[in-house]
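What follows is a short report on a single structure.
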Amino acid sequence: MPFEKPTMLIGVSARIYYPSGPVLDLGGVWTKTLHYLEQSVALWLIGGGALPVMIPAFESESLFRREHLNLRHYVDALDGLVLQGGNDVAPESYGETPLQPQWHGDPVRDRYEMELIHAFVEAGKPVFGICRGLQVLNVAFGGTLWQDLPTQCPGAAQHISPGLYEKNVHALALTPGGWLHSLYPQATDLSVNSIHHQGINTLASSFDAQAVCPVDGRIEAIRRSYGSFVAGVQWHPEFHCTETASNFNDQPILESFLRAARERRTGISQIS
């Protein structure tokens with residue numbers, strides 16, 4: 001059965017590949033800075049009845065300078081924003097220096113995504129963060145992160161396990177009375193995927209924790225406590241691993257985000 005014609009245009013922040021290391025030293029396109037959209041994110045949004053639109057990142061080394069990009073054009077044209085997962089958030093973005101060189105993160109992407117976040121929030125349009133996206137949301141509103149949970153939080157649960165990339169093996173506890181709990185009122189003994197070594201340290205004052213890891217109390221989901229829909233989860237709801245059973249269906253999260261986008265668009269239409 002074919003999908004109905006999508007009515008929502010959802011912006012997606014770009015993941016960025018920099019041609020600075022030997023990992024993909026293949027010449028050709030790998031000598032260029034690449035902005036890309038992970039297929040699973042695109043399919044997740046399409047499956048919810050939306051059309052994903054990747055928003056390019058501009059920085060000092062770009063062919064086109066920042067003044068050539070008017071973010072307002074994207075905000076006006078799009079109904080919401082999804083922040084993809086990816087590289088670490090740079091410690092400098094929350095007032096720290098990297099404790100290890102490999103934790104330097106991506107300050108270019110941080111600046112680009114935080115500018116997008118504030119532009120969409122100021123327009124009253126919904127924003128949803130995935131994994132890194134949750135972390136950069138917290139930083140954008142004044143929160144901080146642990147640079148490396150195993151190093152800085154002895155006794156923490158294992159939040160990333162080699163070989164278990166998309167598998168739902170990480171325990172999750174919903175906060176009673178919260179947004180996520182309202183989507184899953186009868187849910188118990190939940191498990192999700194977990195692919196991160198950074199995590200929320202100080203939660204931004206404008207957010208409420210929506211879920212935690214029951215083993216160590218690390219925050220796994222957040223939502224802004226007022227204003228337009230701004231939320232994020234530490235796992236990847238777009239991953240659908242068929243190798244492990246899970247009693248957690250991520251579809252209600254997508255529907256909640258897209259419902260906020262639809263309501264925002266309908267409200268504008270009714271006013272105009």
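The way I read the labels, and the way they are meant: chains A, B, ... in the order of the structure tokens, residue 1 as the first residue of every chain, and ligand 1 as the first ligand shown, with later ones counted on from there.
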Problem set entry | Residues of range 12-231 of chain A in strand (DSSP E or B), written as an NGL selection string | :A and (12-13 or 15-17 or 34-36 or 50-55 or 80-83 or 127-130 or 145-146 or 160 or 170-174 or 190-192 or 195 or 199-200 or 207-212 or 219-224 or 230-231)
Problem set entry | Spatial neighbours of Asp208 in chain A, max dist 10 Å, only C-alpha atoms, sep filter under 6 positions, as a list in words |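 The neighbour list is Thr175, Gly178, Trp179, Ile219, Ala221, Ile222, Arg223, Arg224, Ser225, Tyr226 and Ala231 of chain A.
The nearest approach to Ile160 in chain A among the residues A:Pro176, A:Trp235, A:Glu122, A:Gln100, with only C-alpha atoms taken into account, belongs to A:Trp235.
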Exercise. Residues at most 6 Å from range 47-57 of chain A, counting only C-alpha atoms, excluding those fewer than 2 positions away in the same chain, as a list in words?
Worked result: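 Surrounding residues, per the criterion: Pro6, Met8, Leu9, Ile10, Gly11, Val12, Ser13, Ala42, Leu43, Trp44 and Leu45 of chain A.
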Exercise. Hey, what does DSSP flag as alpha helix (DSSP H) within range 103-150 of chain A? Can you give it to me as a list in words?
Worked result: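 DSSP-assigned alpha helix (DSSP H) residues in range 103-150 of chain A: Pro107, Val108, Arg109, Asp110, Arg111, Tyr112, Glu113, Met114, Glu115, Leu116, Ile117, His118, Ala119, Phe120, Val121, Glu122, Arg132, Gly133, Leu134, Gln135, Val136, Leu137, Asn138, Val139, Ala140, Leu149 and Pro150 of chain A.
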Please produce an output containing C-alpha atoms for each residue in the selection, written as a PDB file, in the first residue's frame.
```pdb
ATOM      1  CA  PRO A 107      32.896  22.733  17.374  1.00  0.00           C
ATOM      2  CA  VAL A 108      31.923  23.679  13.809  1.00  0.00           C
ATOM      3  CA  ARG A 109      28.895  21.419  13.918  1.00  0.00           C
ATOM      4  CA  ASP A 110      28.095  22.586  17.456  1.00  0.00           C
ATOM      5  CA  ARG A 111      27.885  26.229  16.352  1.00  0.00           C
ATOM      6  CA  TYR A 112      25.847  25.340  13.260  1.00  0.00           C
ATOM      7  CA  GLU A 113      23.356  23.170  15.141  1.00  0.00           C
ATOM      8  CA  MET A 114      22.926  25.560  18.063  1.00  0.00           C
ATOM      9  CA  GLU A 115      22.163  28.367  15.637  1.00  0.00           C
ATOM     10  CA  LEU A 116      19.563  26.127  13.977  1.00  0.00           C
ATOM     11  CA  ILE A 117      18.077  25.176  17.350  1.00  0.00           C
ATOM     12  CA  HIS A 118      17.577  28.764  18.463  1.00  0.00           C
ATOM     13  CA  ALA A 119      16.192  29.828  15.073  1.00  0.00           C
ATOM     14  CA  PHE A 120      13.530  27.082  15.107  1.00  0.00           C
ATOM     15  CA  VAL A 121      12.689  27.613  18.778  1.00  0.00           C
ATOM     16  CA  GLU A 122      12.282  31.364  18.280  1.00  0.00           C
ATOM     17  CA  ARG A 132      24.298  13.723  20.081  1.00  0.00           C
ATOM     18  CA  GLY A 133      21.200  15.816  19.336  1.00  0.00           C
ATOM     19  CA  LEU A 134      20.009  15.455  22.945  1.00  0.00           C
ATOM     20  CA  GLN A 135      23.448  16.510  24.156  1.00  0.00           C
ATOM     21  CA  VAL A 136      23.712  19.576  21.928  1.00  0.00           C
ATOM     22  CA  LEU A 137      20.171  20.627  22.952  1.00  0.00           C
ATOM     23  CA  ASN A 138      21.237  20.527  26.587  1.00  0.00           C
ATOM     24  CA  VAL A 139      24.367  22.567  25.838  1.00  0.00           C
ATOM     25  CA  ALA A 140      22.451  25.070  23.676  1.00  0.00           C
ATOM     26  CA  LEU A 149      31.214   8.485  31.274  1.00  0.00           C
ATOM     27  CA  PRO A 150      33.542   5.523  31.949  1.00  0.00           C
TER      28      PRO A 150
END
```
What's the 9 Å shell around Gly199 in chain A, counting only C-alpha atoms, without same-chain residues fewer than 2 positions away, as a CSV table (one decimal) with N, CA and C atoms, in the first residue's frame?
```csv
chain,number,residue,atom,x,y,z
A,132,ARG,N,23.6,12.5,20.0
A,132,ARG,CA,24.3,13.7,20.1
A,132,ARG,C,23.3,14.9,20.1
A,135,GLN,N,22.3,15.9,23.5
A,135,GLN,CA,23.4,16.5,24.2
A,135,GLN,C,23.6,18.0,23.7
A,144,THR,N,25.6,21.2,30.7
A,144,THR,CA,26.9,20.7,30.5
A,144,THR,C,26.9,19.1,30.3
A,145,LEU,N,28.0,18.6,29.9
A,145,LEU,CA,28.1,17.1,29.6
A,145,LEU,C,29.3,16.5,30.4
A,146,TRP,N,29.2,15.2,30.6
A,146,TRP,CA,30.4,14.4,31.0
A,146,TRP,C,31.1,14.2,29.6
A,147,GLN,N,32.4,14.4,29.6
A,147,GLN,CA,33.2,14.2,28.4
A,147,GLN,C,33.3,12.7,28.1
A,148,ASP,N,33.4,11.9,29.2
A,148,ASP,CA,33.5,10.4,29.0
A,148,ASP,C,33.0,9.7,30.2
A,149,LEU,N,31.9,9.1,30.1
A,149,LEU,CA,31.2,8.5,31.3
A,149,LEU,C,32.1,7.4,32.0
A,196,HIS,N,26.8,5.7,23.1
A,196,HIS,CA,27.4,7.0,23.5
A,196,HIS,C,28.3,6.9,24.6
A,197,HIS,N,29.3,7.7,24.7
A,197,HIS,CA,30.2,7.7,25.8
A,197,HIS,C,30.2,9.1,26.6
A,201,ASN,N,25.6,16.0,32.2
A,201,ASN,CA,26.2,16.2,33.5
A,201,ASN,C,25.2,17.1,34.2
A,218,ARG,N,21.8,8.0,34.9
A,218,ARG,CA,22.1,8.9,33.8
A,218,ARG,C,20.9,9.3,33.0
A,219,ILE,N,20.8,10.6,32.6
A,219,ILE,CA,19.6,11.0,31.9
A,219,ILE,C,19.6,10.5,30.5
A,220,GLU,N,18.4,10.0,30.1
A,220,GLU,CA,18.3,9.3,28.7
A,220,GLU,C,17.3,10.0,27.8
A,234,GLN,N,18.5,9.9,24.2
A,234,GLN,CA,19.9,9.5,24.1
A,234,GLN,C,20.2,8.3,23.2
```
Exercise. Quick one: distance from CA of Ala171 in chain A to CA of Ser191 in chain A in Å, one decimal?
Worked result: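 It comes out at 4.5 Å.
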Exercise. Contacts of Arg262 in chain A at 9 Å or less, counting only C-alpha atoms, minus same-chain residues fewer than 5 places along, as a ChimeraX atom specification?
Worked result: /A:7-8,79,257,267
Selection file, N, CA, C and O atoms, as a JSON list (two decimals), in the first residue's frame:
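File written: out00.json
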```json
[["chain", "number", "residue", "atom", "x", "y", "z"],
["A", 7, "THR", "N", 2.83, 15.66, 4.13],
["A", 7, "THR", "CA", 2.42, 17.05, 4.31],
["A", 7, "THR", "C", 3.41, 17.86, 5.13],
["A", 7, "THR", "O", 3.36, 19.08, 5.11],
["A", 8, "MET", "N", 4.32, 17.18, 5.86],
["A", 8, "MET", "CA", 5.29, 17.88, 6.70],
["A", 8, "MET", "C", 6.66, 17.90, 6.04],
["A", 8, "MET", "O", 7.13, 16.88, 5.52],
["A", 79, "ASP", "N", 8.83, 22.67, 8.75],
["A", 79, "ASP", "CA", 7.87, 22.55, 9.84],
["A", 79, "ASP", "C", 8.49, 22.12, 11.16],
["A", 79, "ASP", "O", 7.82, 22.17, 12.19],
["A", 257, "PHE", "N", 6.28, 14.20, 17.92],
["A", 257, "PHE", "CA", 7.04, 15.30, 17.28],
["A", 257, "PHE", "C", 6.30, 15.83, 16.06],
["A", 257, "PHE", "O", 6.12, 17.05, 15.89],
["A", 267, "GLY", "N", -1.99, 26.00, 13.12],
["A", 267, "GLY", "CA", -2.22, 27.25, 13.83],
["A", 267, "GLY", "C", -1.86, 28.46, 13.00],
["A", 267, "GLY", "O", -2.59, 29.45, 12.96]]
```
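Residue nearest Gly129 in chain A, chosen from A:Tyr36, A:Phe229, A:Tyr74, A:Tyr184 and counting only C-alpha atoms: A:Phe229.
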For this session: Please indicate the distance in Å from CA of Val89 in chain A to CA of Asp106 in chain A, rounded to one decimal place.
Result: 5.9 Å
Problem set entry | Counting only C-alpha atoms, the option among A:Ile130, A:Pro185, A:Gly142, A:Leu190 closest to Ser205 in chain A |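 Ranking A:Ile130, A:Pro185, A:Gly142, A:Leu190 by distance to Ser205 in chain A, first place goes to A:Gly142.
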Write out as a short mmCIF file (atom, residue, chain, number, x, y, z; two decimals) with N, CA and C atoms, in the first residue's frame the residues lying within 10 Å of His104 in chain A, counting only C-alpha atoms and excluding same-chain residues fewer than 6 positions away.
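Saved as part14.cif:
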```
data_model
loop_
_atom_site.label_atom_id
_atom_site.label_comp_id
_atom_site.auth_asym_id
_atom_site.auth_seq_id
_atom_site.Cartn_x
_atom_site.Cartn_y
_atom_site.Cartn_z
N ASN A 87 29.33 12.91 15.76
CA ASN A 87 30.53 13.22 16.53
C ASN A 87 30.22 13.77 17.92
N ASP A 88 31.21 13.68 18.81
CA ASP A 88 31.09 14.27 20.14
C ASP A 88 30.78 15.76 20.06
N VAL A 89 30.08 16.27 21.06
CA VAL A 89 29.98 17.71 21.26
C VAL A 89 31.32 18.19 21.82
N ALA A 90 31.86 19.27 21.28
CA ALA A 90 33.16 19.78 21.73
C ALA A 90 33.07 20.30 23.15
N PRO A 91 33.97 19.92 24.05
CA PRO A 91 33.94 20.44 25.42
C PRO A 91 33.97 21.96 25.48
N GLU A 92 34.64 22.62 24.53
CA GLU A 92 34.68 24.08 24.52
C GLU A 92 33.28 24.67 24.40
N THR A 97 37.74 22.22 28.48
CA THR A 97 38.74 21.81 27.51
C THR A 97 38.76 20.29 27.47
N PRO A 98 39.12 19.69 26.34
CA PRO A 98 39.12 18.23 26.24
C PRO A 98 40.10 17.59 27.23
N GLN A 147 32.41 14.42 29.60
CA GLN A 147 33.17 14.16 28.37
C GLN A 147 33.30 12.67 28.09
#
```
